[in-house]
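Encoded as structure tokens, the structure appears first; notes follow it.
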Amino acid sequence: MSTQAPLELKKTVNLPKTAFAQKANLGQSEPARLKRWAEMGLYELIRRSRRGRERFILHDGPPYANADIHLGTAMNKILKDIVVKSRTMMGYDSPYVPGYDCHGLPIEQHVERALDKKGKKKSDLSTESFRRACREHAAGALKSQTRDFQRLGILGLWEDPYLTMSNHYEAETARQFGRFVERGYVYKGARPVYWCIHDQTALAEAEVEYREHTSPSVYVKFPLAEDSLEAKTLKREILGDEDDPRRIFFLIWTTTPWTLPSNLGIAVNPQFEYAAIEGKDGEVYVVASELVTHVAQKCGLGRPADLTTGEPRGQSDPSPSAVVWPPKVLARFPGSRLERLEARHAWLDRPSLLMLGDHVTLGGEADAETELDLKDARDRRVTGKAGTGLVHTAPGHGHDDFVIGKAYGLDIYCPVDNAGRFTQEVEHFAGLSVFEANPGIVEFARGRGALLFAEEYAHRYPHCWRCKNPVIFRATPQWFISLDAAAAAPAADVETDDDGRARSNFTDNYNEEVAPASLRAGALREIERVRWVPAWGADRMRNMQKGRPDWCVSRQRVWGVPIPVFYCACGEATASRATIDHVADVFERETTDAWYRREAKELLPEGFRCPACGGDEFTKESDILDVWFDSGVSSVAVLESYEGLRWPADVYLEGGDQFRGWFNSSLMVGLAAHGRAPYRAVVTHGWTLDAQGRAMHKSAGNAVAPEEFVKESGADILRLWVTSSDYREDMRCSPEILSRVADSYRKIRNTARFALGNLDGFDPERDSVALGDMREIDRWALAELDRLIERAVEAYKAYDFHSVFRVIDAFCTVTLSARYFDIIKDRLYTYAPRSEARRSAQTALNHIADALARLLAPVLSFTADEIWENLPEVKAWNAFVADKEAEAAGDKERSAVTGGTGWMPPSVHIAEFPVAQKVDEQLLERWEHLFGVRDVVLHQLEVARSTKTIGSSLDAKVYIETEGKLYDLLSHYRDELRFIFIVSQVHLSRAAKPSEPPPKGMLGTVLSVAVGRADGQKCDRCWNYSTFVGQSNRYPTVCERCVEALAEIEAEGGAR
RNA sequence: CGGCGCGAAGCUCAGAUGGCCGAGCACUCGGCUGAUAACCGAGAGGCCGGAGGUUCGAGUCCUCCCGCGCCGACCA
């Protein structure tokens, strides 16, 4: 017994102490940590630590370098970061090279708008300076995006991201186009695009705005070509006699009469019923059955006299529509009956083919220009009927017309020049602008007797966003990549022409064994080899490949990679691997600016001559490549050029919108380059929605701005949101949801804090207790930890991140906070600091804190690192290092560091996931039963509280009566029970009578729990009740356990 | 309209092979005041989007419908 004065009880209690703050203050602490990471070169340290390990490559899909990032972009990058970090912690060498998509229309538009504000126009600038402005804009945008991504805690090669506008990338893009050419996939064709005849430029859908416009609405008849067998059969069906003198006409309707000279066909819907009706002058017209009345009314069929007088036909039905006698229907037949019949053009000596198409509607407007905007057409379909159910088809002047025309092998005929004037081949109207020609064409048709009706028609029509003039649809020459052409056999340089295919050698690195018969076939084969997460991705990809038309890679733009093709004066197009590689080498040195700066001659190999005519005068193609082609090239341009990466990637991870986008274009390039998919697995995530499940739009005001939120609440909260939601589905986000996430964060943080706080002064090397010597509940906690490690790592492997969240969250809330921590508090606080009982718990806590930091690191990248540096081993090592440094600097004042000096990584992100020990299942099972009993006890305590028998659970003494196996179990833990239940005393007794029949599980046996006041008095130190209190002279207010602990503390030198 | 997906407590999610729908958070109430802008407990809260069908029995299987999202763009 000490001769010193008794200790002050309060000071002998070991309360938690840690530098790990309860309040995270992420808004400030995260930037500070980012700075430290940058200073220590964390990403580089990680790379070095994984050198020589098996690689795992996530290939970044480049976000568009236009505007600031939005929530979806943030989520995408966070998910990628979680993948990379988790694979790194599994031990892989998993570098991350971020990228940016820098070319494309939105940047052009942005630059144009900026010019607008300065009162300038695109045409005021040279192409070179316009492109320079685009380049600068992209550079600025990607810089600010980089800052935002870094702020989210995403680790990667930010100093050297890949840019689709870099020299090498642009060169590689051109080279890859050359691969497609070489394999014979590239051909030149035509395709209709929006065209502004005023600005003489192609327009994107986004550059078109719909305005009110009045067009001539005309009903025109196309005669059946009677000479074929099929036509005769039809005639017999309708008229009963193939020699009947009456002629059959197909009635079409259009609001763009100027496209009539380009008519090559008539589309009908195979689902609709059509009727042959009696028309004027003994003619027979074919129209959709449902529109017979409408057409009759418009065209004055039936009883023209009544139409003109407007006199009601019958008293019973005075409505205006009733004035028309429905014309006599001669026959009805499905639309499919008409397929491939031939009509004659309404006035030209040319056939017009009958085709089947689902785009044909009964609402009218199934017309070249307007049908493209489906929503618009749908809206109007409801408002009223128009048309005939037969659609005038000019493949050179409409999207649907183009598609159906292609399917039926029609020409993409477009006798209209850049200025919107008919070319010489158009009889009667050559040289006229199409809009000027409209009235003339109507009159001409009337004169030929082909016109049944014409009127003015007000509707919404696409206009140019810049000059506000109405636009037209016009087919222009385009480069296509064929999906069905078989890869060509090796051949010498051969150029492409309008319908030809370029042919050349296979490249060296092409995998001929898996060479696909065609891109489509290759794609379908590769889809089966790729792992899709979620699995339905394969279905979606497969379905998409099946019906896809050829890939049009031409864009009539300037901000992109030029299509490296030359045209000889003789009309021959030159594109071969040799010429393209030559151009690419120039791009490699000078970027694609060279294309606009240099003459064709300077871009071709010296002395190059046209293979067709031997000429040496060339012009350059003015189209650029589709930006999807750009980004599709990334696997080759990036994976094969950055050190540490490799082709193919292990995984691509993007939103579901990329099936048709990057996943597809990457697959195409992969097939052309290597005959394989560029990815082994494809993970897709959903869209970000608001609380109501609506898509987020800046304009709708429901968008969560990531930078703002991060500044306020921290990136870790946003990262936890990403992890807590199931990304495979659409993800909802709102202030409420984020607030729930912040709750979870606080719980996890507090849990870690409790562990760290109770490790104050714990030196793992010196103080750890061997597993076999630990208290059983501590071993239980470690067994639970092992189970957590197993599950969490498994979930990380499966990209099942929200399961990671679930198991960690459950571990923190239930296993630790509600059970383990609550129970061991007594031991941690009241036992002597160095007692084995306390060190046993600390040993478990140390493992737990360490494992939590590692398991959380991919998700809570900042907080996990903060936990990490508060771990005893890490603190010790850091202090050791600091000490060595001080020593080296001649600072003798510093005291030697005590404790472990084992190496610990300076950041958790260099560390690896913990390895689970074999889980002791029997121990876990025993404790599940104990916790089952605990639940019953807790419930009874609650009852006792409600009757004011007790307040704190330590006021209680619990009486348990049971029998059988349960009694045996509890009896084995007899002395532990009061701690497990957190009560002062437990009285266990065997139930008088065993239950019968034997219930399932031990908890079903007889178990009665009663609660009373604890015996004795409350110990001033540990707050447990004990009859011992008062018996110690030195510490009269304290229980027997505390007397013992105090003696130990005094022996060790008093209160800390 | 076509392809794909989703719809379960206020929120985020578990609910292989059909068998009384669970957890955490939030909420309400209570306890504690030695994790304290913490901690512990209890309670309440679900026509499992709707309607049919198969079945002794359906959140789960089938059909149809409704709502929402992505894709079908020279958007990325």
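Ligands are numbered from 1 in the order shown, chains are lettered A, B, ... in the order of the structure tokens, and residues start at 1 in each chain.
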Compile a residue-level contact table for chain B against chain A at a cut-off of 9 Å, reporting for every qualifying residue the shortest atom pair and its distance in Å to one decimal, with only C-alpha atoms (C1' of nucleotides) counted, rows ordered by chain and ascending number, as a tab-separated table.
residue	atom	partner	partner_atom	distance
B:C1	C1'	A:His359	CA	8.4
B:G3	C1'	A:Asn543	CA	6.7
B:C4	C1'	A:Arg540	CA	5.5
B:G5	C1'	A:Glu729	CA	7.5
B:C6	C1'	A:Glu729	CA	6.7
B:C11	C1'	A:Ile737	CA	6.0
B:U12	C1'	A:Ser725	CA	6.5
B:C13	C1'	A:Arg806	CA	7.8
B:A23	C1'	A:Ala810	CA	8.2
B:G24	C1'	A:Ala810	CA	6.8
B:C25	C1'	A:Arg740	CA	6.3
B:A26	C1'	A:Arg740	CA	7.4
B:G30	C1'	A:Ser946	CA	7.5
B:G31	C1'	A:Gly951	CA	6.2
B:C32	C1'	A:Ser952	CA	6.4
B:G34	C1'	A:Leu15	CA	6.2
B:A35	C1'	A:Phe754	CA	5.4
B:A37	C1'	A:Lys23	CA	8.6
B:A38	C1'	A:Asn750	CA	8.0
B:C39	C1'	A:Asp822	CA	8.3
B:C40	C1'	A:Ala818	CA	7.1
B:G41	C1'	A:Glu942	CA	6.7
B:A42	C1'	A:Glu942	CA	6.8
B:C68	C1'	A:Gly693	CA	6.3
B:G69	C1'	A:Asp730	CA	6.9
B:C70	C1'	A:Asp657	CA	5.8
B:C71	C1'	A:Asp657	CA	6.2
B:A73	C1'	A:Glu205	CA	6.5
B:C74	C1'	A:Ala204	CA	5.1
B:C75	C1'	A:Pro106	CA	7.5
B:A76	C1'	A:Tyr64	CA	5.9
For this session: Using DSSP on the backbone, list every residue of segment 163-302 of chain A that comes out as strand (DSSP E), and give them as an MDAnalysis selection string.
Result: chainID A and resid 163 186:196 201:203 208:223 248:254 265:268 273:278 284:288
Exercise. So which bits of segment 858-968 of chain A end up helix (DSSP H, G or I) when you DSSP the backbone, as a PyMOL selection string?
Worked result: chain A and resi 861-869+872-888+908-910+921-946+953-955+964-968
Exercise. Between A:Arg344, A:Val769, A:Pro562, A:His463, which is the closest to Ala837 of chain A once you count only C-alpha atoms?
Worked result: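 That would be A:Val769, the residue with the smallest distance to Ala837 of chain A.
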For this session: List the neighbours of Gln28 of chain A out to 12 Å using only C-alpha atoms (C1' of nucleotides); skip same-chain residues closer than 5 positions along the sequence, and give me the result as a list in words.
Result: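 My list of contacting residues is Lys23, Arg33, Leu34, Lys35, Arg151, Val710, Lys711, Glu712, Ser713, Gly714, Ala715 and Phe862 of chain A.
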With N, CA, C and O atoms retained, write the just-selected residues as a PDB file, in the first residue's frame.
ATOM      1  N   LYS A  23     -15.491  15.923 -34.905  1.00  0.00           N
ATOM      2  CA  LYS A  23     -16.045  16.685 -36.013  1.00  0.00           C
ATOM      3  C   LYS A  23     -15.050  16.638 -37.175  1.00  0.00           C
ATOM      4  O   LYS A  23     -13.894  17.019 -37.021  1.00  0.00           O
ATOM      5  N   ARG A  33      -5.236  17.720 -46.785  1.00  0.00           N
ATOM      6  CA  ARG A  33      -4.686  16.388 -47.029  1.00  0.00           C
ATOM      7  C   ARG A  33      -4.257  16.229 -48.487  1.00  0.00           C
ATOM      8  O   ARG A  33      -3.231  15.622 -48.779  1.00  0.00           O
ATOM      9  N   LEU A  34      -5.039  16.808 -49.373  1.00  0.00           N
ATOM     10  CA  LEU A  34      -4.674  16.753 -50.795  1.00  0.00           C
ATOM     11  C   LEU A  34      -3.301  17.384 -51.014  1.00  0.00           C
ATOM     12  O   LEU A  34      -2.491  16.897 -51.799  1.00  0.00           O
ATOM     13  N   LYS A  35      -3.093  18.459 -50.292  1.00  0.00           N
ATOM     14  CA  LYS A  35      -1.824  19.150 -50.423  1.00  0.00           C
ATOM     15  C   LYS A  35      -0.686  18.235 -49.963  1.00  0.00           C
ATOM     16  O   LYS A  35       0.349  18.104 -50.614  1.00  0.00           O
ATOM     17  N   ARG A 151     -10.098  17.232 -56.437  1.00  0.00           N
ATOM     18  CA  ARG A 151     -10.734  17.601 -55.174  1.00  0.00           C
ATOM     19  C   ARG A 151     -11.566  16.457 -54.617  1.00  0.00           C
ATOM     20  O   ARG A 151     -11.784  16.334 -53.421  1.00  0.00           O
ATOM     21  N   VAL A 710     -19.238  19.465 -52.177  1.00  0.00           N
ATOM     22  CA  VAL A 710     -17.960  19.015 -51.649  1.00  0.00           C
ATOM     23  C   VAL A 710     -17.312  20.103 -50.796  1.00  0.00           C
ATOM     24  O   VAL A 710     -16.727  19.837 -49.751  1.00  0.00           O
ATOM     25  N   LYS A 711     -17.445  21.313 -51.256  1.00  0.00           N
ATOM     26  CA  LYS A 711     -16.880  22.433 -50.517  1.00  0.00           C
ATOM     27  C   LYS A 711     -17.527  22.542 -49.138  1.00  0.00           C
ATOM     28  O   LYS A 711     -16.875  22.778 -48.135  1.00  0.00           O
ATOM     29  N   GLU A 712     -18.829  22.336 -49.112  1.00  0.00           N
ATOM     30  CA  GLU A 712     -19.575  22.433 -47.867  1.00  0.00           C
ATOM     31  C   GLU A 712     -19.370  21.219 -46.970  1.00  0.00           C
ATOM     32  O   GLU A 712     -19.047  21.339 -45.809  1.00  0.00           O
ATOM     33  N   SER A 713     -19.590  20.052 -47.563  1.00  0.00           N
ATOM     34  CA  SER A 713     -19.722  18.853 -46.736  1.00  0.00           C
ATOM     35  C   SER A 713     -18.605  17.841 -46.895  1.00  0.00           C
ATOM     36  O   SER A 713     -18.489  16.933 -46.087  1.00  0.00           O
ATOM     37  N   GLY A 714     -17.825  17.977 -47.935  1.00  0.00           N
ATOM     38  CA  GLY A 714     -16.706  17.066 -48.081  1.00  0.00           C
ATOM     39  C   GLY A 714     -16.893  16.023 -49.156  1.00  0.00           C
ATOM     40  O   GLY A 714     -17.992  15.517 -49.370  1.00  0.00           O
ATOM     41  N   ALA A 715     -15.790  15.714 -49.816  1.00  0.00           N
ATOM     42  CA  ALA A 715     -15.817  14.710 -50.880  1.00  0.00           C
ATOM     43  C   ALA A 715     -16.137  13.328 -50.322  1.00  0.00           C
ATOM     44  O   ALA A 715     -16.794  12.525 -50.978  1.00  0.00           O
ATOM     45  N   PHE A 862     -10.233  10.142 -47.722  1.00  0.00           N
ATOM     46  CA  PHE A 862      -9.620  11.123 -46.828  1.00  0.00           C
ATOM     47  C   PHE A 862      -9.677  10.644 -45.383  1.00  0.00           C
ATOM     48  O   PHE A 862      -8.684  10.640 -44.670  1.00  0.00           O
TER      49      PHE A 862
END
Exercise. Residues at most 9 Å from segment 46-60 of chain B, counting only C-alpha atoms (C1' of nucleotides), excluding those fewer than 2 positions away in the same chain, as a list in words?
Worked result: G7, A8, A9, G15, G18, G19, C21, C62, U63, C64, C65, C66 and G67 of chain B
Problem set entry | Atomic distance atom CA of Arg53 of chain A - atom CA of Thr88 of chain A, expressed in Å with one decimal |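 Atom CA of Thr88 of chain A lies at a distance of 9.8 Å from atom CA of Arg53 of chain A.
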For this session: Mind checking which residues fall within 10 Å of segment 170-173 of chain A, counting only C-alpha atoms (C1' of nucleotides), ignoring those fewer than 3 positions away in the same chain, and posting them as a PyMOL selection string?
Result: chain A and resi 163-167+176-179+560-563+580-592+625+629-634+636-638+669
Exercise. Could you pull the residues within 9 Å of segment 981-988 of chain A, counting only C-alpha atoms (C1' of nucleotides), minus those fewer than 2 positions along the same chain, as a PyMOL selection string?
Worked result: chain A and resi 822-823+826+931+934-935+937-938+952-962+967+970-971+974-979+990+1014-1015+1023-1026
Write the residues of the selection above to a file with C-alpha atoms, as a PDB file, in the first residue's frame.
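Result saved to again-v3.pdb:
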ATOM      1  CA  ASP A 822     -20.686  -0.846 -25.187  1.00  0.00           C
ATOM      2  CA  ILE A 823     -19.591  -3.981 -23.401  1.00  0.00           C
ATOM      3  CA  ASP A 826     -16.129  -0.915 -18.512  1.00  0.00           C
ATOM      4  CA  PHE A 931     -26.550 -11.935 -27.766  1.00  0.00           C
ATOM      5  CA  ARG A 934     -28.889 -10.241 -24.183  1.00  0.00           C
ATOM      6  CA  ASP A 935     -31.763  -8.994 -26.328  1.00  0.00           C
ATOM      7  CA  VAL A 937     -32.429  -9.025 -20.956  1.00  0.00           C
ATOM      8  CA  LEU A 938     -32.314  -5.623 -22.619  1.00  0.00           C
ATOM      9  CA  SER A 952     -29.097   3.087 -15.712  1.00  0.00           C
ATOM     10  CA  SER A 953     -28.754  -0.569 -16.491  1.00  0.00           C
ATOM     11  CA  LEU A 954     -26.029  -0.747 -13.849  1.00  0.00           C
ATOM     12  CA  ASP A 955     -28.728  -0.142 -11.270  1.00  0.00           C
ATOM     13  CA  ALA A 956     -29.992  -3.614 -12.064  1.00  0.00           C
ATOM     14  CA  LYS A 957     -29.485  -7.134 -10.921  1.00  0.00           C
ATOM     15  CA  VAL A 958     -30.781  -9.630 -13.428  1.00  0.00           C
ATOM     16  CA  TYR A 959     -32.283 -12.976 -12.499  1.00  0.00           C
ATOM     17  CA  ILE A 960     -32.131 -15.613 -15.195  1.00  0.00           C
ATOM     18  CA  GLU A 961     -33.794 -18.927 -14.997  1.00  0.00           C
ATOM     19  CA  THR A 962     -33.291 -21.489 -17.713  1.00  0.00           C
ATOM     20  CA  TYR A 967     -28.226 -23.153 -19.006  1.00  0.00           C
ATOM     21  CA  LEU A 970     -24.797 -19.294 -19.728  1.00  0.00           C
ATOM     22  CA  SER A 971     -23.272 -21.090 -16.836  1.00  0.00           C
ATOM     23  CA  ARG A 974     -21.447 -17.037 -15.559  1.00  0.00           C
ATOM     24  CA  ASP A 975     -18.848 -14.454 -14.530  1.00  0.00           C
ATOM     25  CA  GLU A 976     -18.988 -12.635 -17.845  1.00  0.00           C
ATOM     26  CA  LEU A 977     -22.747 -12.192 -18.027  1.00  0.00           C
ATOM     27  CA  ARG A 978     -22.942  -8.983 -15.980  1.00  0.00           C
ATOM     28  CA  PHE A 979     -20.510  -7.370 -18.362  1.00  0.00           C
ATOM     29  CA  ARG A 990     -31.574 -23.745 -13.410  1.00  0.00           C
ATOM     30  CA  ALA A1014     -28.623  -4.347  -7.656  1.00  0.00           C
ATOM     31  CA  ASP A1015     -27.216  -5.330  -4.285  1.00  0.00           C
ATOM     32  CA  TRP A1023     -20.510   2.929 -11.265  1.00  0.00           C
ATOM     33  CA  ASN A1024     -21.256  -0.753 -10.808  1.00  0.00           C
ATOM     34  CA  TYR A1025     -23.068  -1.748  -7.636  1.00  0.00           C
ATOM     35  CA  SER A1026     -21.244  -3.864  -5.109  1.00  0.00           C
TER      36      SER A1026
END
Exercise. Which one of A:Glu242, A:Asp850, A:Glu640, A:Glu707 sits closest to Ile69 of chain A if you count only C-alpha atoms?
Worked result: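 Looking at the shortest contact to Ile69 of chain A, the residue is A:Glu707.
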At a cut-off of 10 Å, using only C-alpha atoms (C1' of nucleotides), what residues contact Pro470 of chain A? Leave out same-chain residues fewer than 4 positions from it and give the result as a compact mmCIF listing (two decimals) with N, CA and C atoms, in the first residue's frame.
# COMPACT_ATOMS: atom_id res chain seq x y z
N TRP A 195 -29.33 20.88 -93.50
CA TRP A 195 -28.45 21.75 -94.28
C TRP A 195 -29.06 23.13 -94.35
N CYS A 196 -28.27 24.12 -93.99
CA CYS A 196 -28.73 25.49 -94.10
C CYS A 196 -28.28 26.04 -95.44
N ILE A 197 -29.22 26.38 -96.32
CA ILE A 197 -28.84 26.83 -97.66
C ILE A 197 -28.37 28.28 -97.63
N HIS A 198 -28.69 28.97 -96.56
CA HIS A 198 -28.22 30.35 -96.43
C HIS A 198 -26.75 30.37 -96.02
N VAL A 208 -30.52 23.12 -84.66
CA VAL A 208 -31.77 23.35 -85.36
C VAL A 208 -32.82 23.73 -84.35
N GLU A 209 -33.60 24.75 -84.66
CA GLU A 209 -34.70 25.05 -83.75
C GLU A 209 -36.00 25.07 -84.54
N TYR A 210 -37.03 24.64 -83.88
CA TYR A 210 -38.32 24.53 -84.56
C TYR A 210 -39.11 25.82 -84.42
N ARG A 211 -39.57 26.31 -85.58
CA ARG A 211 -40.36 27.53 -85.58
C ARG A 211 -41.59 27.32 -86.47
N GLU A 212 -42.53 28.22 -86.29
CA GLU A 212 -43.72 28.14 -87.12
C GLU A 212 -43.36 28.47 -88.57
N HIS A 213 -43.93 27.72 -89.46
CA HIS A 213 -43.59 27.89 -90.86
C HIS A 213 -44.80 27.45 -91.68
N PHE A 435 -36.96 26.44 -102.17
CA PHE A 435 -38.14 27.09 -101.60
C PHE A 435 -38.84 27.94 -102.66
N TYR A 461 -41.37 23.82 -88.15
CA TYR A 461 -40.42 23.37 -89.14
C TYR A 461 -39.01 23.77 -88.68
N PRO A 462 -38.03 22.93 -88.92
CA PRO A 462 -36.67 23.24 -88.44
C PRO A 462 -36.05 24.45 -89.14
N HIS A 463 -35.46 25.30 -88.32
CA HIS A 463 -34.78 26.48 -88.83
C HIS A 463 -33.35 26.51 -88.32
N CYS A 464 -32.52 27.21 -89.01
CA CYS A 464 -31.11 27.34 -88.62
C CYS A 464 -31.02 28.22 -87.37
N TRP A 465 -30.24 27.78 -86.41
CA TRP A 465 -30.13 28.53 -85.15
C TRP A 465 -29.39 29.86 -85.33
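Atom CA of Gln917 of chain A is positioned 27.9 Å from atom CA of Pro833 of chain A.
Minimum atom-to-atom distances from A:Ile266, A:Ala700, A:Leu1007, A:Ala1045 to Arg838 of chain A were compared using only C-alpha atoms, and the lowest value belongs to A:Ala1045.
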